[in-house]
Amino acid sequence: MNVEKRGLWIGREWFRRITHLKRRTKILLGIVLVLFVCFWFCLQQPLFHSPTSYVIEDNKGELLGATIATDGQWRFPFNDSVPEKFKECIITFEDKRFYYHPGVDVLAMARAMRQNFNSSKTVSGGSTLTMQVIRLSRNKNRNIIQKLIESIQAVRLEVACSKSEILALYASNAPFGTNIVGLDAAAWRYYGRSADKLSWGEMAALAVLPNAPALVYPGKNKTALLRKRNALLDKLLAQQKIDAATHELAMLEPLPDEPKSLPQLAPHLLQRFKQENKKGNATLIQTTINGNMQNNVARIVDQYQHIYKGNGIKNACALVLDVESGNTLAYVGNVYHPENADLQSHVDVIRAPRSPGSALKPLLYACMLNDGLLLPQTLIPDIPTQIGGYTPQNFDREYDGAVPASQALSRSLNVPAVRMLRDYKYPRFYDVLKKVGITTLNRPADNYGLSLILGGCEVTSWELAGVYAGMARALNHAKKNKGKISAADFHSPVYIKKGEQPGNSSKAQINYLDPVSIWYMFQAMEEVMRPGEEGLWKQFSSSQRIAWKTGTSFGFRDAWAVGVTPRFVIAVWVGNTNGEGRPGLIGVQTAAPIMFDILRTLPASPWFAEPGEYIKTVVCRQTGFRANMDCTDTDTLNAPAAGVNAPLCPYHSIIHLDQTSQYRVTEDCVSPSAMIHKSWFMLPPVMEWYYKRRHLDYKPVPAFKSGCDVVAGHKPMELIYPEPNAKIYVPTEISGDKGKTIFTAAHQKAEGKIFWHLDNDYIGTTTHFHQMALSPAAGKHTITLVDESGERLTSVFEILEKDDK
């Protein structure tokens, strides 16, 4: 007979037997069944449903902070781990037969009834710990009926739970005086440390509180509490649960006084956890925070804020991430002085979108290297630039003429960065930012335009640090990934220990970055000039290497410093949460010192290994471009794979000189056999005009010899400002007079003359320094420049009316 048939047979047999039972017996069985069902389902689920505090711990389980529960009680979440000292104390004091009764202690009940009868009042309850758990969960007015219900439910609880689980329920929900519920909250509020670190005297004092929680009240009832505690210690000694020396020391320990404040070591992370888990059940988490590091970083931020507040700079935040895991090791969302409302300490700046200033420039540099649009030392024009109506300027308002791309990054020059973004295309860069994890770009790319690279967007410290951690992680994994970058290397930071790893679980590879480009990016960032004494870091072997970048937003509202090592990412922001700008609020002056002080507290690590997946590329030593046939001074570079398609050098060409090498000649005036052919580094006039002021070794191309025709296509002069088709608004001077526009030009000949014409009317001549202050009427105009050799340059511009601005 198979199992199914046997089951049907048994069912029919029982049904047959029941139908033959007498009516009275059937009723009795029904009653028993109903009572059993009521008994089985008599416990509410869950047993306790009171709100609990939000609690966060560091990566070693130490308390970082907690909030009060919504009902005004300090009630920590359920903890299934009960210290052995508390178990011994509470069982000895409340329920000595706890491990032997089924939830109700008949002997204790009988003793209580006898004592109450003899005293004509209630002096003993006779409740077991299990019954007290039920009473705490029901919170009903006590009488004989309620006591009977508690007894039944206590027995049911013993069926459902082990003795250890019942003790844990009691320890987590027992009242400990004032608005403190649960052993964990009581230990921190009365003694300032976790329950497992309490002494016998401290634990005994807490164990007697649930029996009469009103005993602990600042300045009241201490005598009664002391008597109860010492009586418990005497019992523990009598039962040989503590020795005489321990007993003597415990008797001398002081009683708790006023409740202590709980630690507030990461208040903004606690606030974040609370906000992100409003609908969740978990109100206690173990974070990835390193407790010692958190304290160090908070101390450093607070020290510098104390200095900066004299300049009206009130706020600062700092974030430290572990590169490999993305774990948050330190989270200081702001200075924390809640007693000073003016500081707005409650604002978590780590999550606040702020202008990044120049902090995104390294990513653009790496993207362009990856695409082969430039090489690390490629010269980038650094000259007055106007693109549409946008006129970027360097921080020092000076120009280099031309600067290597790596130096443009390390010096954080704005004009080269804008020109680089123009070549890369800002919609592409906008897409890259979104792909690497920037979620705060909530407007179309056209709304940001080229200002995207100079802080025209908003990012958070959280996401910015995550992007740099992703690039460092990708470089660390270069060998494992065979020179490719996995999309999984870019994910958001995490702060919950053993939590589900967020971000990208895809095995796909990305094509907008590569390890070699990232390595060159970090090399350039390492050359950023460090502030103060850190500027001499290379002179000391103990100095840590770090790739870092600062940022300063428009109006001096935000100062940034982001640093990367193979193990850590540090992100620091300094400013005012209300957006107020302050003079001197500059990344290198305010955020960088904080970052380097944090760096000194971190363990050192070897530098990034150079990735081996590169292509040997011949480059021109002077210009950094891929060498063309006219480049004679070359070098070999380990370039990204796309470097083989990088642009050829446009600034080296063969020129023809006479026998003295002082003049250029053409075949119209000198026989080719009498010429000296020489490779020459030759910049366009505007670039040359600024470049030679900073490079005294630069040799301008020789002038053409008298009688020799100028080579077609050669431009000896350029108009620096305004650019063709520029639209110019000229403000009114303080005096009320109309302002003037400064027109600027450059000529390759140092002593060359330029004759200026406005709308075909001659307006003046300049020599050496070519500038002309003009005040054209509103409307379109034509500026014409003519040099001594008859070379002519014409450009159209428009002066705007005041209402057209």
# chains A, B, ... in the order shown; residues from 1 in each chain; ligands from 1

call {"tool": "select_by_dssp", "arguments": {"residues": "range 119-366 of chain A", "states": "strand (DSSP E)", "output": "list in words"}}
result
Ile180, Val181, Leu284, Ile285, Gln286, Asn315, Ala316, Cys317, Ala318, Leu319, Val320, Leu321, Asp322, Thr328, Leu329, Ala330, Tyr331 and Val332 of chain A

call {"tool": "select_by_dssp", "arguments": {"residues": "range 613-802 of chain A", "states": "helix (DSSP H, G or I)", "output": "list of chain:residue names"}}
result
A:Ala641, A:Ala642, A:Gly643, A:Val644, A:Asn645, A:Pro672, A:Ser673, A:Ala674, A:Pro685, A:Val686, A:Met687, A:Glu688, A:Trp689, A:Tyr690, A:Tyr691, A:Lys692, A:Arg693, A:Arg694, A:Lys802

call {"tool": "closest_residue", "arguments": {"among": "A:Gly752, A:Pro51, A:Gly401, A:Pro603", "to": "Ala69 in chain A", "atoms": "only C-alpha atoms"}}
result
A:Pro51

call {"tool": "residues_around", "arguments": {"residues": "range 225-242 of chain A", "least_positions_apart": "4", "cutoff": "7 Å", "atoms": "only C-alpha atoms", "output": "PyMOL selection string"}}
result
chain A and resi 93+204-205+208+215+221+246-247+251

call {"tool": "residues_around", "arguments": {"residues": "Gln407 in chain A", "least_positions_apart": "6", "cutoff": "12 Å", "atoms": "only C-alpha atoms", "output": "list in words"}}
result
Lys361, Pro362, Tyr365, Pro376, Gln377, Thr378, Leu379, Ile380, Asp382, Asp400, Leu413, Asn414, Pro416, Ala417, Tyr520, Met521, Gln523, Ala524, Met525, Glu526, Glu527, Val528, Met529 and Gly624 of chain A

call {"tool": "closest_residue", "arguments": {"among": "A:Gly182, A:Cys620, A:Val34, A:Leu269", "to": "Ala66 in chain A", "atoms": "only C-alpha atoms"}}
result
A:Leu269

call {"tool": "residues_around", "arguments": {"residues": "Thr634 in chain A", "least_positions_apart": "6", "cutoff": "7 Å", "atoms": "only C-alpha atoms", "output": "MDAnalysis selection string"}}
result
chainID A and resid 618:621 627

call {"tool": "residues_around", "arguments": {"residues": "Lys278 in chain A", "least_positions_apart": "5", "cutoff": "12 Å", "atoms": "only C-alpha atoms", "output": "mmCIF file with C-alpha atoms, in the first residue's frame"}}
result
data_model
loop_
_atom_site.group_PDB
_atom_site.id
_atom_site.type_symbol
_atom_site.label_atom_id
_atom_site.label_comp_id
_atom_site.auth_asym_id
_atom_site.auth_seq_id
_atom_site.Cartn_x
_atom_site.Cartn_y
_atom_site.Cartn_z
ATOM 1 C CA PRO A 51 9.202 51.636 17.659
ATOM 2 C CA SER A 53 15.862 53.746 17.951
ATOM 3 C CA TYR A 54 17.966 53.967 14.808
ATOM 4 C CA THR A 70 9.416 57.955 17.709
ATOM 5 C CA GLN A 271 20.773 60.789 9.726
ATOM 6 C CA ARG A 272 21.334 59.322 6.260
ATOM 7 C CA PHE A 273 20.604 55.790 7.438
ATOM 8 C CA THR A 283 16.920 49.976 12.577
#

call {"tool": "closest_residue", "arguments": {"among": "A:Lys309, A:Cys457, A:Trp519, A:Asn292", "to": "Ser406 in chain A", "atoms": "only C-alpha atoms"}}
result
A:Trp519

call {"tool": "decode", "arguments": {"residues": "range 620-667 of chain A", "atoms": "C-alpha atoms", "output": "short mmCIF file (atom, residue, chain, number, x, y, z; two decimals), in the first residue's frame"}}
result
data_model
loop_
_atom_site.label_atom_id
_atom_site.label_comp_id
_atom_site.auth_asym_id
_atom_site.auth_seq_id
_atom_site.Cartn_x
_atom_site.Cartn_y
_atom_site.Cartn_z
CA CYS A 620 57.95 65.12 -30.93
CA ARG A 621 59.89 66.11 -27.83
CA GLN A 622 59.00 69.82 -28.04
CA THR A 623 55.30 69.57 -28.79
CA GLY A 624 54.24 66.18 -27.41
CA PHE A 625 52.38 65.40 -30.64
CA ARG A 626 52.95 62.25 -32.62
CA ALA A 627 56.08 62.99 -34.62
CA ASN A 628 55.71 63.98 -38.26
CA MET A 629 58.43 63.74 -40.91
CA ASP A 630 59.76 67.19 -40.01
CA CYS A 631 60.29 66.44 -36.30
CA THR A 632 63.98 65.76 -35.75
CA ASP A 633 64.02 65.74 -31.93
CA THR A 634 61.87 62.76 -30.98
CA ASP A 635 61.18 60.47 -28.08
CA THR A 636 59.39 57.15 -27.59
CA LEU A 637 56.30 57.07 -25.40
CA ASN A 638 54.30 54.22 -23.90
CA ALA A 639 50.95 55.47 -25.14
CA PRO A 640 47.39 54.14 -24.88
CA ALA A 641 46.37 51.89 -27.74
CA ALA A 642 44.57 54.73 -29.53
CA GLY A 643 47.75 56.81 -29.37
CA VAL A 644 48.84 55.42 -32.74
CA ASN A 645 46.09 57.54 -34.27
CA ALA A 646 46.88 60.69 -32.33
CA PRO A 647 47.29 63.88 -34.42
CA LEU A 648 50.64 64.51 -36.06
CA CYS A 649 52.65 67.50 -34.93
CA PRO A 650 51.29 70.66 -36.64
CA TYR A 651 54.01 72.94 -35.28
CA HIS A 652 57.11 71.50 -36.92
CA SER A 653 57.88 72.11 -40.56
CA ILE A 654 60.92 72.54 -42.81
CA ILE A 655 61.85 76.14 -43.54
CA HIS A 656 64.40 77.40 -46.05
CA LEU A 657 67.11 79.79 -44.88
CA ASP A 658 69.85 81.70 -46.61
CA GLN A 659 73.50 80.91 -46.02
CA THR A 660 73.59 83.16 -42.93
CA SER A 661 70.58 81.34 -41.39
CA GLN A 662 69.17 84.78 -40.53
CA TYR A 663 66.43 85.04 -43.17
CA ARG A 664 63.88 82.81 -44.76
CA VAL A 665 64.04 82.56 -48.52
CA THR A 666 62.07 81.09 -51.36
CA GLU A 667 63.07 79.68 -54.71
#
